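Shown here: upload_25.cif, mmCIF, C-alpha atoms.
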data_work
loop_
_atom_site.group_PDB
_atom_site.id
_atom_site.type_symbol
_atom_site.label_atom_id
_atom_site.label_comp_id
_atom_site.auth_asym_id
_atom_site.auth_seq_id
_atom_site.Cartn_x
_atom_site.Cartn_y
_atom_site.Cartn_z
ATOM 1 C CA MET A 757 -114.090 -23.910 104.573
ATOM 2 C CA ASP A 758 -115.077 -20.562 105.985
ATOM 3 C CA ASN A 759 -115.351 -16.991 104.745
ATOM 4 C CA THR A 760 -111.625 -16.345 104.860
ATOM 5 C CA PHE A 761 -109.311 -16.703 101.893
ATOM 6 C CA GLN A 762 -105.550 -17.025 102.014
ATOM 7 C CA ASN A 763 -103.579 -15.253 99.299
ATOM 8 C CA THR A 764 -102.212 -18.625 98.183
ATOM 9 C CA GLU A 765 -105.620 -20.169 97.498
ATOM 10 C CA LYS A 766 -106.550 -20.618 93.862
ATOM 11 C CA LEU A 767 -109.800 -19.554 92.218
ATOM 12 C CA TYR A 768 -111.137 -21.227 89.076
ATOM 13 C CA ARG A 769 -113.430 -19.743 86.473
ATOM 14 C CA ALA A 770 -115.267 -21.377 83.606
ATOM 15 C CA VAL A 771 -115.161 -19.142 80.541
ATOM 16 C CA TYR A 772 -118.585 -18.863 78.946
ATOM 17 C CA PRO A 773 -120.117 -19.465 76.523
ATOM 18 C CA PRO A 774 -118.655 -22.980 76.329
ATOM 19 C CA GLU A 775 -119.899 -23.534 72.768
ATOM 20 C CA VAL A 776 -117.901 -20.525 71.523
ATOM 21 C CA ALA A 777 -114.766 -21.196 73.493
ATOM 22 C CA ASP A 778 -112.509 -18.815 71.613
ATOM 23 C CA ILE A 779 -114.714 -15.751 71.875
ATOM 24 C CA PHE A 780 -112.525 -14.214 74.613
ATOM 25 C CA TRP A 781 -109.177 -15.420 73.345
ATOM 26 C CA LYS A 782 -106.787 -12.936 71.845
ATOM 27 C CA LYS A 783 -104.536 -13.692 68.890
ATOM 28 C CA ASP A 784 -101.519 -13.912 71.189
ATOM 29 C CA GLY A 785 -103.201 -16.712 73.173
ATOM 30 C CA SER A 786 -104.035 -14.567 76.200
ATOM 31 C CA ILE A 787 -107.541 -13.906 77.461
ATOM 32 C CA SER A 788 -109.329 -10.585 77.023
ATOM 33 C CA SER A 789 -110.238 -8.466 80.009
ATOM 34 C CA ALA A 790 -113.773 -8.437 78.560
ATOM 35 C CA ALA A 791 -114.215 -11.924 80.066
ATOM 36 C CA PHE A 792 -113.944 -10.335 83.520
ATOM 37 C CA ALA A 793 -116.719 -7.771 83.088
ATOM 38 C CA ASP A 794 -119.854 -8.843 84.915
ATOM 39 C CA PRO A 795 -122.176 -6.446 86.758
ATOM 40 C CA LYS A 796 -123.169 -9.283 89.100
ATOM 41 C CA GLY A 797 -119.613 -10.078 90.093
ATOM 42 C CA LEU A 798 -117.319 -12.746 88.756
ATOM 43 C CA SER A 799 -118.450 -16.258 89.614
ATOM 44 C CA VAL A 800 -115.564 -18.548 90.517
ATOM 45 C CA GLU A 801 -114.965 -21.851 92.240
ATOM 46 C CA ARG A 802 -112.577 -21.690 95.150
ATOM 47 C CA GLY A 803 -109.781 -24.220 95.040
ATOM 48 C CA ASP A 804 -109.547 -24.975 98.752
ATOM 49 C CA TYR A 805 -106.071 -26.277 97.909
ATOM 50 C CA ARG A 806 -107.344 -29.125 95.776
ATOM 51 C CA LYS A 807 -105.230 -30.269 92.830
ATOM 52 C CA ASP A 808 -105.889 -28.489 89.511
ATOM 53 C CA ASN A 809 -106.896 -31.754 87.835
ATOM 54 C CA ASP A 810 -109.383 -32.573 90.593
ATOM 55 C CA VAL A 811 -111.000 -29.152 90.261
ATOM 56 C CA ILE A 812 -111.095 -29.399 86.475
ATOM 57 C CA SER A 813 -112.655 -32.889 86.626
ATOM 58 C CA SER A 814 -115.266 -31.600 89.015
ATOM 59 C CA MET A 815 -116.077 -28.548 86.850
ATOM 60 C CA ARG A 816 -116.142 -30.684 83.702
ATOM 61 C CA LYS A 817 -119.199 -32.509 85.033
ATOM 62 C CA LYS A 818 -121.296 -29.400 84.399
ATOM 63 C CA PHE A 819 -119.231 -27.391 81.935
ATOM 64 C CA SER A 820 -117.516 -28.159 78.612
ATOM 65 C CA GLY A 821 -115.664 -24.906 77.882
ATOM 66 C CA HIS A 822 -112.344 -23.547 79.058
ATOM 67 C CA ILE A 823 -111.166 -23.063 82.612
ATOM 68 C CA ILE A 824 -108.768 -20.442 83.923
ATOM 69 C CA SER A 825 -107.265 -19.990 87.371
ATOM 70 C CA LEU A 826 -106.163 -17.062 89.487
ATOM 71 C CA TYR A 827 -104.700 -16.705 92.949
ATOM 72 C CA VAL A 828 -106.599 -14.848 95.645
ATOM 73 C CA LYS A 829 -103.503 -12.652 95.867
ATOM 74 C CA ASN A 830 -104.071 -11.494 92.265
ATOM 75 C CA CYS A 831 -107.459 -10.180 93.383
ATOM 76 C CA THR A 832 -106.303 -8.517 96.601
ATOM 77 C CA ASP A 833 -103.312 -6.967 94.795
ATOM 78 C CA THR A 834 -105.709 -4.981 92.671
ATOM 79 C CA GLY A 835 -108.163 -4.121 95.442
ATOM 80 C CA ALA A 836 -110.812 -6.672 94.485
ATOM 81 C CA VAL A 837 -112.503 -8.764 97.162
ATOM 82 C CA VAL A 838 -113.288 -12.480 97.140
ATOM 83 C CA ILE A 839 -116.563 -13.520 98.759
ATOM 84 C CA TYR A 840 -117.467 -17.068 99.657
ATOM 85 C CA THR A 841 -121.003 -17.710 98.364
ATOM 86 C CA PRO A 842 -121.621 -21.478 98.558
ATOM 87 C CA SER A 843 -124.824 -22.830 97.071
ATOM 88 C CA ARG A 844 -126.717 -26.093 97.565
ATOM 89 C CA THR A 845 -125.238 -27.438 94.342
ATOM 90 C CA ASN A 846 -121.717 -26.084 94.738
ATOM 91 C CA ILE A 847 -120.013 -25.721 98.090
ATOM 92 C CA TYR A 848 -117.016 -24.057 96.415
ATOM 93 C CA HIS A 849 -118.935 -21.241 94.727
ATOM 94 C CA SER A 850 -117.428 -17.812 95.347
ATOM 95 C CA GLU A 851 -117.456 -14.393 93.700
ATOM 96 C CA ILE A 852 -114.883 -11.756 92.937
ATOM 97 C CA HIS A 853 -116.192 -8.215 93.399
ATOM 98 C CA GLY A 854 -114.593 -4.879 92.564
ATOM 99 C CA ASN A 855 -114.806 -3.797 96.178
ATOM 100 C CA GLU A 856 -117.016 -4.224 99.255
ATOM 101 C CA LYS A 857 -119.766 -2.103 97.700
ATOM 102 C CA THR A 858 -119.531 -2.784 93.964
ATOM 103 C CA ALA A 859 -119.706 -6.182 92.293
ATOM 104 C CA LEU A 860 -118.405 -4.995 88.915
ATOM 105 C CA LEU A 861 -114.624 -5.016 88.568
ATOM 106 C CA SER A 862 -113.095 -1.778 87.306
ATOM 107 C CA LYS A 863 -111.408 -1.721 83.904
ATOM 108 C CA SER A 864 -108.054 -1.641 85.626
ATOM 109 C CA GLN A 865 -108.928 -4.679 87.787
ATOM 110 C CA ARG A 866 -110.227 -6.609 84.777
ATOM 111 C CA ARG A 867 -107.054 -5.969 82.836
ATOM 112 C CA TYR A 868 -104.875 -6.953 85.792
ATOM 113 C CA LEU A 869 -106.719 -10.211 86.355
ATOM 114 C CA ALA A 870 -106.698 -11.031 82.622
ATOM 115 C CA ASN A 871 -102.925 -10.587 82.637
ATOM 116 C CA HIS A 872 -102.526 -12.907 85.622
ATOM 117 C CA ALA A 873 -105.018 -15.594 84.631
ATOM 118 C CA VAL A 874 -103.589 -19.012 83.847
ATOM 119 C CA ILE A 875 -105.373 -20.934 81.124
ATOM 120 C CA LEU A 876 -105.638 -24.516 82.381
ATOM 121 C CA THR A 877 -107.437 -26.203 79.517
ATOM 122 C CA PRO A 878 -106.062 -26.443 75.972
ATOM 123 C CA ARG A 879 -106.261 -23.103 74.238
ATOM 124 C CA PRO A 880 -108.603 -22.800 71.298
ATOM 125 C CA LEU A 881 -106.904 -22.687 67.897
ATOM 126 C CA MET B 1225 -59.623 16.172 38.863
ATOM 127 C CA THR B 1226 -58.133 19.025 36.919
ATOM 128 C CA ILE B 1227 -59.627 22.396 36.018
ATOM 129 C CA ALA B 1228 -58.490 23.921 32.748
ATOM 130 C CA LYS B 1229 -59.641 26.975 30.836
ATOM 131 C CA GLN B 1230 -60.827 26.600 27.207
ATOM 132 C CA ALA B 1231 -57.707 28.419 25.990
ATOM 133 C CA GLN B 1232 -55.461 25.925 27.850
ATOM 134 C CA ILE B 1233 -57.395 23.022 26.377
ATOM 135 C CA ARG B 1234 -57.067 24.448 22.854
ATOM 136 C CA THR B 1235 -53.351 24.898 23.296
ATOM 137 C CA ASN B 1236 -52.651 21.511 24.931
ATOM 138 C CA ILE B 1237 -55.542 19.390 23.788
ATOM 139 C CA LYS B 1238 -53.530 16.134 23.544
ATOM 140 C CA GLN B 1239 -52.193 16.560 27.099
ATOM 141 C CA TYR B 1240 -55.665 17.027 28.549
ATOM 142 C CA PHE B 1241 -57.125 14.181 26.501
ATOM 143 C CA ASP B 1242 -54.335 11.918 27.784
ATOM 144 C CA MET B 1243 -55.113 12.997 31.367
ATOM 145 C CA ALA B 1244 -58.769 12.154 30.821
ATOM 146 C CA TYR B 1245 -57.849 8.842 29.228
ATOM 147 C CA GLU B 1246 -55.688 8.005 32.280
ATOM 148 C CA GLY B 1247 -58.755 8.523 34.485
ATOM 149 C CA GLU B 1248 -58.468 12.123 35.591
ATOM 150 C CA ALA B 1249 -61.540 14.200 34.861
ATOM 151 C CA VAL B 1250 -60.863 17.615 33.310
ATOM 152 C CA ILE B 1251 -63.386 20.294 34.154
ATOM 153 C CA VAL B 1252 -63.672 23.184 31.712
ATOM 154 C CA PRO B 1253 -65.401 26.228 33.248
ATOM 155 C CA ARG B 1254 -67.558 28.271 30.865
ATOM 156 C CA LYS B 1255 -69.691 31.388 31.151
ATOM 157 C CA GLN B 1256 -73.116 31.123 32.826
ATOM 158 C CA GLY B 1257 -72.057 27.874 34.451
ATOM 159 C CA LYS B 1258 -72.176 25.958 31.192
ATOM 160 C CA ASN B 1259 -69.177 23.906 32.311
ATOM 161 C CA VAL B 1260 -68.163 20.666 30.645
ATOM 162 C CA VAL B 1261 -66.147 17.700 31.878
ATOM 163 C CA ILE B 1262 -63.742 15.671 29.761
ATOM 164 C CA ILE B 1263 -63.589 12.035 30.738
ATOM 165 C CA SER B 1264 -62.474 8.834 29.043
ATOM 166 C CA GLU B 1265 -64.859 6.498 27.229
ATOM 167 C CA ASN B 1266 -64.229 3.894 29.942
ATOM 168 C CA GLU B 1267 -65.189 6.353 32.653
ATOM 169 C CA TYR B 1268 -68.281 7.386 30.676
ATOM 170 C CA ASN B 1269 -69.377 3.764 30.364
ATOM 171 C CA ARG B 1270 -68.709 3.142 34.073
ATOM 172 C CA LEU B 1271 -70.846 6.120 35.057
ATOM 173 C CA ASN B 1272 -73.644 5.035 32.742
ATOM 174 C CA GLN B 1273 -73.555 1.596 34.294
ATOM 175 C CA ALA B 1274 -73.699 3.134 37.777
ATOM 176 C CA VAL B 1275 -76.747 5.187 36.799
ATOM 177 C CA ARG B 1276 -78.520 2.082 35.504
ATOM 178 C CA VAL B 1277 -77.701 0.123 38.682
ATOM 179 C CA ALA B 1278 -78.949 2.984 40.855
ATOM 180 C CA ALA B 1279 -82.180 3.208 38.858
ATOM 181 C CA TYR B 1280 -82.692 -0.543 39.212
ATOM 182 C CA ALA B 1281 -82.010 -0.404 42.963
ATOM 183 C CA THR B 1282 -84.558 2.391 43.364
ATOM 184 C CA ALA B 1283 -87.159 0.418 41.433
ATOM 185 C CA VAL B 1284 -86.565 -2.679 43.573
ATOM 186 C CA SER B 1285 -86.735 -0.618 46.741
ATOM 187 C CA GLU B 1286 -90.032 0.973 45.707
ATOM 188 C CA THR B 1287 -91.473 -2.432 44.922
ATOM 189 C CA LYS B 1288 -90.434 -3.680 48.349
ATOM 190 C CA GLU B 1289 -92.001 -0.655 50.009
ATOM 191 C CA HIS B 1290 -95.251 -1.187 48.197
ATOM 192 C CA LYS B 1291 -95.471 -4.911 48.865
ATOM 193 C CA PRO B 1292 -95.757 -4.595 52.684
ATOM 194 C CA GLU B 1293 -98.340 -1.844 52.173
ATOM 195 C CA SER B 1294 -100.352 -4.217 50.028
ATOM 196 C CA ALA B 1295 -99.848 -7.111 52.467
ATOM 197 C CA LYS B 1296 -100.854 -4.833 55.339
ATOM 198 C CA HIS B 1297 -104.028 -3.831 53.532
ATOM 199 C CA HIS B 1298 -104.778 -7.491 52.821
ATOM 200 C CA ALA B 1299 -104.251 -8.383 56.505
ATOM 201 C CA GLU B 1300 -106.587 -5.583 57.599
ATOM 202 C CA GLU B 1301 -109.250 -6.857 55.195
ATOM 203 C CA ASN B 1302 -108.872 -10.352 56.687
ATOM 204 C CA ASN B 1303 -109.149 -8.924 60.197
ATOM 205 C CA LYS B 1304 -112.276 -7.029 59.198
ATOM 206 C CA THR B 1305 -113.856 -10.189 57.794
ATOM 207 C CA HIS B 1306 -112.952 -12.049 60.992
ATOM 208 C CA ASN B 1307 -114.463 -9.276 63.133
ATOM 209 C CA LEU B 1308 -117.677 -9.186 61.120
ATOM 210 C CA GLU B 1309 -117.996 -12.962 61.522
ATOM 211 C CA LYS B 1310 -117.403 -12.601 65.245
ATOM 212 C CA LEU B 1311 -120.113 -9.937 65.461
ATOM 213 C CA LYS B 1312 -122.506 -12.366 63.779
ATOM 214 C CA THR B 1313 -121.709 -14.919 66.496
ATOM 215 C CA ILE B 1314 -122.251 -12.316 69.238
ATOM 216 C CA ARG B 1315 -125.566 -11.333 67.623
ATOM 217 C CA SER B 1316 -126.706 -14.927 68.058
ATOM 218 C CA PHE B 1317 -126.047 -15.014 71.819
ATOM 219 C CA LYS B 1318 -129.187 -15.721 73.798
ATOM 220 C CA LYS B 1319 -129.978 -14.331 77.249
ATOM 221 C CA ASN B 1320 -127.737 -15.945 79.891
ATOM 222 C CA TRP B 1321 -124.961 -16.486 77.346
ATOM 223 C CA ASN B 1322 -122.387 -15.984 80.115
ATOM 224 C CA GLY B 1323 -124.082 -18.393 82.543
ATOM 225 C CA ASN B 1324 -124.834 -15.479 84.866
ATOM 226 C CA ASN B 1325 -127.969 -13.984 83.289
ATOM 227 C CA ALA B 1326 -126.248 -11.589 80.886
ATOM 228 C CA PRO B 1327 -128.767 -10.114 78.434
ATOM 229 C CA SER B 1328 -128.584 -10.776 74.711
ATOM 230 C CA PHE B 1329 -127.161 -7.981 72.555
ATOM 231 C CA PRO B 1330 -129.711 -5.536 71.121
ATOM 232 C CA LYS B 1331 -129.879 -5.261 67.334
ATOM 233 C CA ARG B 1332 -129.238 -1.514 67.506
ATOM 234 C CA LEU B 1333 -125.925 -2.075 69.278
ATOM 235 C CA MET B 1334 -124.860 -4.813 66.899
ATOM 236 C CA ASP B 1335 -125.757 -2.687 63.841
ATOM 237 C CA LYS B 1336 -123.726 0.130 65.329
ATOM 238 C CA ALA B 1337 -120.758 -2.160 65.992
ATOM 239 C CA GLU B 1338 -120.944 -3.548 62.465
ATOM 240 C CA ASN B 1339 -120.925 -0.039 60.969
ATOM 241 C CA LEU B 1340 -117.941 0.865 63.118
ATOM 242 C CA ILE B 1341 -115.959 -2.204 62.111
ATOM 243 C CA ASN B 1342 -116.661 -1.453 58.461
ATOM 244 C CA GLY B 1343 -115.327 2.080 58.949
ATOM 245 C CA LEU B 1344 -112.145 1.290 60.875
ATOM 246 C CA THR B 1345 -108.854 1.498 59.012
ATOM 247 C CA ILE B 1346 -106.948 -0.357 61.732
ATOM 248 C CA GLN B 1347 -108.955 -3.345 62.866
ATOM 249 C CA PRO B 1348 -109.024 -4.090 66.601
ATOM 250 C CA GLU B 1349 -109.684 -7.408 68.285
ATOM 251 C CA ILE B 1350 -113.307 -7.425 69.444
ATOM 252 C CA PHE B 1351 -114.989 -9.042 72.427
ATOM 253 C CA PRO B 1352 -118.467 -9.083 73.972
ATOM 254 C CA THR B 1353 -118.983 -8.113 77.604
ATOM 255 C CA ALA B 1354 -121.716 -9.040 80.026
ATOM 256 C CA LEU B 1355 -122.319 -5.285 80.359
ATOM 257 C CA CYS B 1356 -123.995 -5.471 76.964
ATOM 258 C CA THR B 1357 -121.119 -3.670 75.314
ATOM 259 C CA ILE B 1358 -118.560 -4.539 72.659
ATOM 260 C CA GLN B 1359 -114.939 -4.095 73.637
ATOM 261 C CA LEU B 1360 -112.395 -3.156 70.966
ATOM 262 C CA GLU B 1361 -108.777 -3.898 71.877
ATOM 263 C CA TYR B 1362 -105.542 -2.619 70.379
ATOM 264 C CA ASP B 1363 -102.003 -3.618 71.397
ATOM 265 C CA ASN B 1364 -98.958 -1.886 69.940
ATOM 266 C CA ALA B 1365 -95.278 -2.775 69.650
ATOM 267 C CA ARG B 1366 -94.438 -0.642 72.716
ATOM 268 C CA ARG B 1367 -96.649 -3.031 74.703
ATOM 269 C CA ASP B 1368 -99.260 -0.362 75.359
ATOM 270 C CA HIS B 1369 -102.820 -1.668 75.512
ATOM 271 C CA MET B 1370 -105.977 0.227 74.552
ATOM 272 C CA GLU B 1371 -109.580 -0.790 75.128
ATOM 273 C CA ILE B 1372 -112.540 1.062 73.612
ATOM 274 C CA GLU B 1373 -115.934 0.114 75.002
ATOM 275 C CA ILE B 1374 -118.888 0.608 72.699
ATOM 276 C CA GLY B 1375 -122.422 0.657 74.053
ATOM 277 C CA LEU B 1376 -125.639 2.285 72.954
ATOM 278 C CA SER B 1377 -124.564 5.791 73.983
ATOM 279 C CA ASP B 1378 -123.024 8.286 71.563
ATOM 280 C CA THR B 1379 -119.719 8.170 73.398
ATOM 281 C CA ALA B 1380 -117.128 5.450 73.832
ATOM 282 C CA GLU B 1381 -114.971 4.873 76.885
ATOM 283 C CA ILE B 1382 -111.263 4.512 76.317
ATOM 284 C CA PHE B 1383 -108.926 2.802 78.756
ATOM 285 C CA ILE B 1384 -105.208 2.761 78.002
ATOM 286 C CA VAL B 1385 -102.567 0.929 80.003
ATOM 287 C CA LYS B 1386 -99.156 2.084 78.893
ATOM 288 C CA TYR B 1387 -96.090 -0.181 78.908
ATOM 289 C CA ASN B 1388 -94.965 1.424 82.183
ATOM 290 C CA GLY B 1389 -98.288 0.749 83.921
ATOM 291 C CA GLU B 1390 -99.646 4.294 83.572
ATOM 292 C CA GLU B 1391 -103.406 4.218 83.086
ATOM 293 C CA ILE B 1392 -105.357 6.730 81.006
ATOM 294 C CA TYR B 1393 -109.134 7.096 80.814
ATOM 295 C CA GLU B 1394 -110.836 9.119 78.079
ATOM 296 C CA THR B 1395 -114.194 9.530 76.427
ATOM 297 C CA ILE B 1396 -114.552 10.052 72.681
ATOM 298 C CA PRO B 1397 -117.455 10.100 70.227
ATOM 299 C CA ALA B 1398 -118.445 6.545 69.349
ATOM 300 C CA ASP B 1399 -117.846 6.936 65.632
ATOM 301 C CA ALA B 1400 -115.333 5.521 63.169
ATOM 302 C CA ASP B 1401 -113.566 8.851 62.570
ATOM 303 C CA ALA B 1402 -112.832 9.372 66.273
ATOM 304 C CA ILE B 1403 -111.718 5.773 66.755
ATOM 305 C CA ASN B 1404 -109.546 5.866 63.633
ATOM 306 C CA ALA B 1405 -107.857 9.004 64.932
ATOM 307 C CA LYS B 1406 -107.293 7.416 68.331
ATOM 308 C CA ALA B 1407 -105.952 4.181 66.818
ATOM 309 C CA GLY B 1408 -103.681 6.219 64.551
ATOM 310 C CA ASP B 1409 -102.247 8.044 67.567
ATOM 311 C CA PHE B 1410 -101.886 4.756 69.435
ATOM 312 C CA TYR B 1411 -99.780 3.186 66.693
ATOM 313 C CA GLY B 1412 -98.063 6.414 65.657
#

How does this structure look as structure tokens?
Amino acid sequence: MDNTFQNTEKLYRAVYPPEVADIFWKKDGSISSAAFADPKGLSVERGDYRKDNDVISSMRKKFSGHIISLYVKNCTDTGAVVIYTPSRTNIYHSEIHGNEKTALLSKSQRRYLANHAVILTPRPL
Amino acid sequence: MTIAKQAQIRTNIKQYFDMAYEGEAVIVPRKQGKNVVIISENEYNRLNQAVRVAAYATAVSETKEHKPESAKHHAEENNKTHNLEKLKTIRSFKKNWNGNNAPSFPKRLMDKAENLINGLTIQPEIFPTALCTIQLEYDNARRDHMEIEIGLSDTAEIFIVKYNGEEIYETIPADADAINAKAGDFYG
């Protein structure tokens, strides 16, 4: 893996807080754009073309809540940038920023990504 | 329908009564518009029946119109209760609730949000953000979407995405009256 992302690569995000899994879920089963507002940028795990189930199993080892996925293309379509930020504990760690200078996604970007997010784990009731 | 003067009626009363009996109404014009109509007993009964049916239909219709209003009010009360419960949960969030060092929500903000929810006639869906704000969301039947972000400031940021993708940004006072007006416009 390097710093480049193809549009077809998937990004996975754990929706916090795991103990209140439905806090960001709307009545229609979609996810609120509020889940994409983070002044430090949106932490994600890059897929590196692994299978969804493999990524979920891996994330489940440290997280019990819900997991959503996006394509890199969803981010670039709305002007957001994906930055590869691996850590010692997670070689897949990446971040989605609003642009090169600002980590926070704009309201428009948040809404766009919320609309394109795929909820991979069972939705809360 | 036949129109006959009083003098004609007096002269040919049996003829006009027979006409009325056969189902033809006889209108008798009088001064100052005090006209009368001669109809058969059968016709009179039929009209009375029609009036009763119409009155019943109106009563049923009014009941139906009131029932959804009552159900709507009940639903809004349920939504308010749900939102107040959700605010309690958000109040309990500790620092780092989002796994990325988000701060907990200050009491002043949560009190403000609770007051707002209690004052809103159309209840939104509510969500916390890691920006230490509460996001109110409305979606209407046209598929427009409206977000109102409430923080500690006296103003609230509005973001609307219309069904055709048009985006609108506004700022309004962060009080229930202003939000009620905006929500009313949104659903109007």

Kindly provide, as a tab-separated table (two decimals) with C-alpha atoms, in the coordinates of the input, the polymer residues lying within 8 Å of (-60.9, 15.1, 33.8), counting all atoms listed in the file and using the coordinates exactly as they appear in the file.
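Listed below is the output, selection.tsv:
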chain	number	residue	atom	x	y	z
B	1225	MET	CA	-59.62	16.17	38.86
B	1226	THR	CA	-58.13	19.02	36.92
B	1227	ILE	CA	-59.63	22.40	36.02
B	1240	TYR	CA	-55.66	17.03	28.55
B	1243	MET	CA	-55.11	13.00	31.37
B	1244	ALA	CA	-58.77	12.15	30.82
B	1247	GLY	CA	-58.76	8.52	34.48
B	1248	GLU	CA	-58.47	12.12	35.59
B	1249	ALA	CA	-61.54	14.20	34.86
B	1250	VAL	CA	-60.86	17.61	33.31
B	1251	ILE	CA	-63.39	20.29	34.15
B	1261	VAL	CA	-66.15	17.70	31.88
B	1262	ILE	CA	-63.74	15.67	29.76
B	1263	ILE	CA	-63.59	12.04	30.74

Subject >> Pick from B:Met1370, B:Ala1398, B:Ala1354, B:Ala1295, whichever lies nearest to chain A using all atoms listed in the file >> reply: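 Smallest distance to chain A is found for B:Ala1354.
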
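Applied to the shown file, the PyMOL selection byres ((chain A and resi 868) around 10) selects the residues Ser789, Phe792, Asn830, Cys831, Asp833, Thr834, Ser862, Lys863, Ser864, Gln865, Arg866, Arg867, Leu869, Ala870, Asn871, His872 and Ala873 of chain A.
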
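Going from atom CA of A:Ile875 over to atom CA of A:Val828, you cover 15.8 Å.
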
**OP:** Could you list, as a PyMOL selection string, the residues of chain A having an atom within 6 Å of chain B when counting only C-alpha atoms?
**Re:** chain A and resi 772-773+790+793-794

Selected residues written out, C-alpha atoms, as a compact mmCIF listing (two decimals), in the frame of the given file:
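This is the output file selection.txt:
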# COMPACT_ATOMS: atom_id res chain seq x y z
CA TYR A 772 -118.58 -18.86 78.95
CA PRO A 773 -120.12 -19.46 76.52
CA ALA A 790 -113.77 -8.44 78.56
CA ALA A 793 -116.72 -7.77 83.09
CA ASP A 794 -119.85 -8.84 84.92

Box time for stretch 772-787 of chain A: axis-aligned, enclosing all its listed atoms, 6 Å extra on each side; report centre and edge lengths in Å to one decimal, as lines of an AutoDock Vina configuration file.
center_x = -110.8
center_y = -18.2
center_z = 73.9
size_x = 30.6
size_y = 22.6
size_z = 22.1

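Close contacts of stretch 1334-1341 of chain B, defined as residues with an atom at most 7 Å away when counting only C-alpha atoms, with chain neighbours fewer than 5 positions off set aside, comprise Lys1304, Leu1308, Arg1315, Phe1329, Asp1399 and Ala1400 of chain B.
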
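Residue nearest B:Ala1231 within the list B:Arg1254, B:Glu1394, B:Tyr1245, B:Gly1408: B:Arg1254 [criterion: smallest interatomic distance, all atoms listed in the file].
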
Original post:
Quick one: which residues end up in the PyMOL selection byres ((chain A and resi 877) around 6) for this structure, as a list in words?
Top reply: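 Applied to this file, the PyMOL selection byres ((chain A and resi 877) around 6) selects His822, Ile823, Ile875, Leu876 and Pro878 of chain A.
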
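Across the model, the gap from atom CA of A:Lys766 to atom CA of A:Ser825 is 6.6 Å.
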
Subject >> Distance in Å - atom CA of B:Gly1412 versus atom CA of B:Asn1302 >> reply: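 Separation between atom CA of B:Gly1412 and atom CA of B:Asn1302: 21.9 Å.
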
Original post:
Quick one: which residues end up in the PyMOL selection byres ((chain A and resi 841) around 12) for this structure, as a list in words?
Top reply: Met757, Asp758, Asn759, Thr760, Gly797, Leu798, Ser799, Val800, Glu801, Arg802, Val838, Ile839, Tyr840, Pro842, Ser843, Arg844, Thr845, Asn846, Ile847, Tyr848, His849, Ser850, Glu851, Ile852 and His853 of chain A

Using only C-alpha atoms, please write the residues we just selected to a file, as a tab-separated table (two decimals), in the coordinates of the input.
chain	number	residue	atom	x	y	z
A	757	MET	CA	-114.09	-23.91	104.57
A	758	ASP	CA	-115.08	-20.56	105.98
A	759	ASN	CA	-115.35	-16.99	104.74
A	760	THR	CA	-111.62	-16.34	104.86
A	797	GLY	CA	-119.61	-10.08	90.09
A	798	LEU	CA	-117.32	-12.75	88.76
A	799	SER	CA	-118.45	-16.26	89.61
A	800	VAL	CA	-115.56	-18.55	90.52
A	801	GLU	CA	-114.96	-21.85	92.24
A	802	ARG	CA	-112.58	-21.69	95.15
A	838	VAL	CA	-113.29	-12.48	97.14
A	839	ILE	CA	-116.56	-13.52	98.76
A	840	TYR	CA	-117.47	-17.07	99.66
A	842	PRO	CA	-121.62	-21.48	98.56
A	843	SER	CA	-124.82	-22.83	97.07
A	844	ARG	CA	-126.72	-26.09	97.56
A	845	THR	CA	-125.24	-27.44	94.34
A	846	ASN	CA	-121.72	-26.08	94.74
A	847	ILE	CA	-120.01	-25.72	98.09
A	848	TYR	CA	-117.02	-24.06	96.42
A	849	HIS	CA	-118.94	-21.24	94.73
A	850	SER	CA	-117.43	-17.81	95.35
A	851	GLU	CA	-117.46	-14.39	93.70
A	852	ILE	CA	-114.88	-11.76	92.94
A	853	HIS	CA	-116.19	-8.22	93.40

Show me, as a compact mmCIF listing (two decimals) with C-alpha atoms, in the coordinates of the input, the residues that have an atom within 12 Å of A:Lys783 when counting only C-alpha atoms, minus same-chain residues fewer than 2 positions from it.
# COMPACT_ATOMS: atom_id res chain seq x y z
CA ASP A 778 -112.51 -18.82 71.61
CA ILE A 779 -114.71 -15.75 71.88
CA PHE A 780 -112.52 -14.21 74.61
CA TRP A 781 -109.18 -15.42 73.34
CA GLY A 785 -103.20 -16.71 73.17
CA SER A 786 -104.04 -14.57 76.20
CA ILE A 787 -107.54 -13.91 77.46
CA SER A 788 -109.33 -10.58 77.02
CA ARG A 879 -106.26 -23.10 74.24
CA PRO A 880 -108.60 -22.80 71.30
CA LEU A 881 -106.90 -22.69 67.90
CA ASN B 1303 -109.15 -8.92 60.20
CA HIS B 1306 -112.95 -12.05 60.99
CA PRO B 1348 -109.02 -4.09 66.60
CA GLU B 1349 -109.68 -7.41 68.28
CA ILE B 1350 -113.31 -7.42 69.44
CA PHE B 1351 -114.99 -9.04 72.43
CA GLU B 1361 -108.78 -3.90 71.88
CA TYR B 1362 -105.54 -2.62 70.38
CA ASP B 1363 -102.00 -3.62 71.40

Original post:
Could you name the residues that touch A:Lys807 at 12 Å or less, counting only C-alpha atoms, but leaving out those on the same chain fewer than 3 positions away, as a VMD selection string?
Top reply: chain A and resid 765 to 768 802 to 804 810 to 814 825 876

May I have the selected residues written with C-alpha atoms, as a compact mmCIF listing (two decimals), keeping the file's coordinate frame?
# COMPACT_ATOMS: atom_id res chain seq x y z
CA GLU A 765 -105.62 -20.17 97.50
CA LYS A 766 -106.55 -20.62 93.86
CA LEU A 767 -109.80 -19.55 92.22
CA TYR A 768 -111.14 -21.23 89.08
CA ARG A 802 -112.58 -21.69 95.15
CA GLY A 803 -109.78 -24.22 95.04
CA ASP A 804 -109.55 -24.98 98.75
CA ASP A 810 -109.38 -32.57 90.59
CA VAL A 811 -111.00 -29.15 90.26
CA ILE A 812 -111.10 -29.40 86.48
CA SER A 813 -112.66 -32.89 86.63
CA SER A 814 -115.27 -31.60 89.02
CA SER A 825 -107.26 -19.99 87.37
CA LEU A 876 -105.64 -24.52 82.38
